[in-house]
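So the structure is just underneath, and the comments pick up after that.
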Amino acid sequence: APAPAGGAGASPSQPHHLSGGAAVLARMRAAAQQQQQQQRQRQEPAAASSTTSRRPRPLVLYGSQTGNSAEIAKQLAAEAPERLGVGAGACKVMAMEETDVSILQPGTALVLVVSSTGDGDAPDNCASFYSKVRRRSNPKDMLRGVSYTVLGLGDQNYTKFMEVPRVFWARLEECGAAPFYARGEADEVEGLEESVAKWAEGLWPAWAAQLARAGDALAGGGAGSGGLVPTAPLPAADP
């Protein structure tokens, strides 16, 4: 029997049985299909990278004038891998002046360590960040999907004791973030070390639990585009 037109080895990308304009159109269609396939292959790694970037993320930011807040923040970040079960380097720590409010993306579980300086002023290395958070023009859902807690350092001899930590606490919530653990206030007069240690003791289980909730929300698409990440009820404040 005669061989089929085009031969047994003919393929859609090489339509030997066509000629003239039909052949040109067939080659163009084949080239378009090949280009689409290559584009899909390029997009797959990007999609995987996007999924990775949406994982829940512990973050420590600080504002420090004398160095105490910076030291505490760095110690918390150093302990995070073991305490939270996250990879080495997964918990970033930096002065607020080294970054921007845009770092607070859905799924972020933020620990903010900050002091007041002078008469209720923000430390130099967080002044710009503080100013941006305080803007009354900020959208009420600007930080939706972000969870946080604040550790404040201060001196009760000053009139505006804990001014900056308390403003941060209030404004973060007003901008759509949700607190996951009670605010801590460590007074230099009464001794910072004991107050910080007591606060940090309860921080670790609350932080780990919040990361787990954020992970579930992100996996379900609940916070992929700024949606709400659930938080647990805060413990009652000490009298």
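In the structure tokens, chains take letters A, B, ... by order of appearance, with residues numbered from 1 within each chain and ligands from 1 in the order shown.
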
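Close contacts of Asn138 in chain A, defined as residues with an atom at most 7 Å away when counting only C-alpha atoms, with chain neighbours fewer than 3 positions off set aside, comprise A:Arg135, A:Met142, A:Cys175.
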
message: Show me, as a list of chain:residue names, the residues that have an atom within 12 Å of Glu190 in chain A when counting only C-alpha atoms, minus same-chain residues fewer than 2 positions from it.
response: A:Leu153, A:Gly154, A:Asp155, A:Gln156, A:Asn157, A:Glu185, A:Ala186, A:Asp187, A:Glu188, A:Leu192, A:Glu193, A:Glu194, A:Ser195, A:Val196

Two-atom distance - CA of Ala200 in chain A, CA of Ser69 in chain A (Å):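 Atom-to-atom, CA of Ala200 in chain A to CA of Ser69 in chain A, that is 13.5 Å.
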
Alpha helix (DSSP H) call set, DSSP backbone run, range 75-215 of chain A, as an NGL selection string: :A and (75-84 or 127-134 or 163-174 or 192-215)

query: What is the CA of Gln65 in chain A to CA of Ser115 in chain A distance in Å?
result: 7.5 Å

field: Between CA of Val93 in chain A and CA of Gln75 in chain A - distance in Å to one decimal
entry: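 Atom-to-atom, CA of Gln75 in chain A to CA of Val93 in chain A, that is 9.5 Å.
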
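Counting only C-alpha atoms, the residue from A:Val146, A:Ala178, A:Leu203, A:Val114 that sits nearest to Glu79 in chain A is A:Leu203.
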
task: Would you please extract all strand (DSSP E) residues from range 114-181 of chain A, as assigned by DSSP on the backbone, and give them as a list in words?
output: Val114, Ser115, Ser147, Tyr148, Thr149, Val150, Leu151, Gly152, Leu153, Gly154, Ala178 and Pro179 of chain A

Within 10 Å of Ala122 in chain A using only C-alpha atoms, minus same-chain residues under 6 positions, as a PyMOL selection string: chain A and resi 63-65+114-116+128-131+163-165

- prompt: Pick the closest to Val60 in chain A from A:Ala206, A:Met96, A:Ile72, A:Leu112: which is it, counting only C-alpha atoms?
  reply: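 Among the listed residues, A:Leu112 lies closest to Val60 in chain A.
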
message: Residues within 12 Å of Val133 in chain A, please, as a list in words. Count only C-alpha atoms; anything in the same chain fewer than 4 positions from it doesn't count.
response: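 Everything that qualifies: Met96, Asp100, Val101, Ser102, Leu104, Cys126, Ala127, Ser128, Phe129, Ser137, Asn138, Pro139, Lys140, Met142, Leu143, Val164, Val167, Phe168, Trp169, Ala170, Arg171, Leu172, Glu173, Glu174, Cys175, Gly176 and Ala177 of chain A.
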
- request: Choose the residue, out of A:Tyr181, A:Tyr62, A:Tyr158, A:Trp199, that has the smallest atom-to-atom separation from Asp121 in chain A; count only C-alpha atoms.
  value: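 Checking each of A:Tyr181, A:Tyr62, A:Tyr158, A:Trp199 against Asp121 in chain A, counting only C-alpha atoms, the winner is A:Tyr158.
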
- request: Fewer than 6 positions away in the same chain doesn't count, so skip those; otherwise give me all residues within 10 Å of range 80-88 of chain A, counting only C-alpha atoms, as a ChimeraX atom specification.
  value: /A:57-60,74,204-209,211-212

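Here the question is which of A:Ala90, A:Ala182, A:Leu76, A:Val189 gets nearest to Leu61 in chain A using only C-alpha atoms, and that residue is A:Leu76.
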
- request: Using only C-alpha atoms, find the one residue out of A:Gln105, A:Ser147, A:Thr99, A:Thr159 that sits nearest to Gly120 in chain A.
  value: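 Answer, going by the shortest atom-to-atom distance: A:Thr159.
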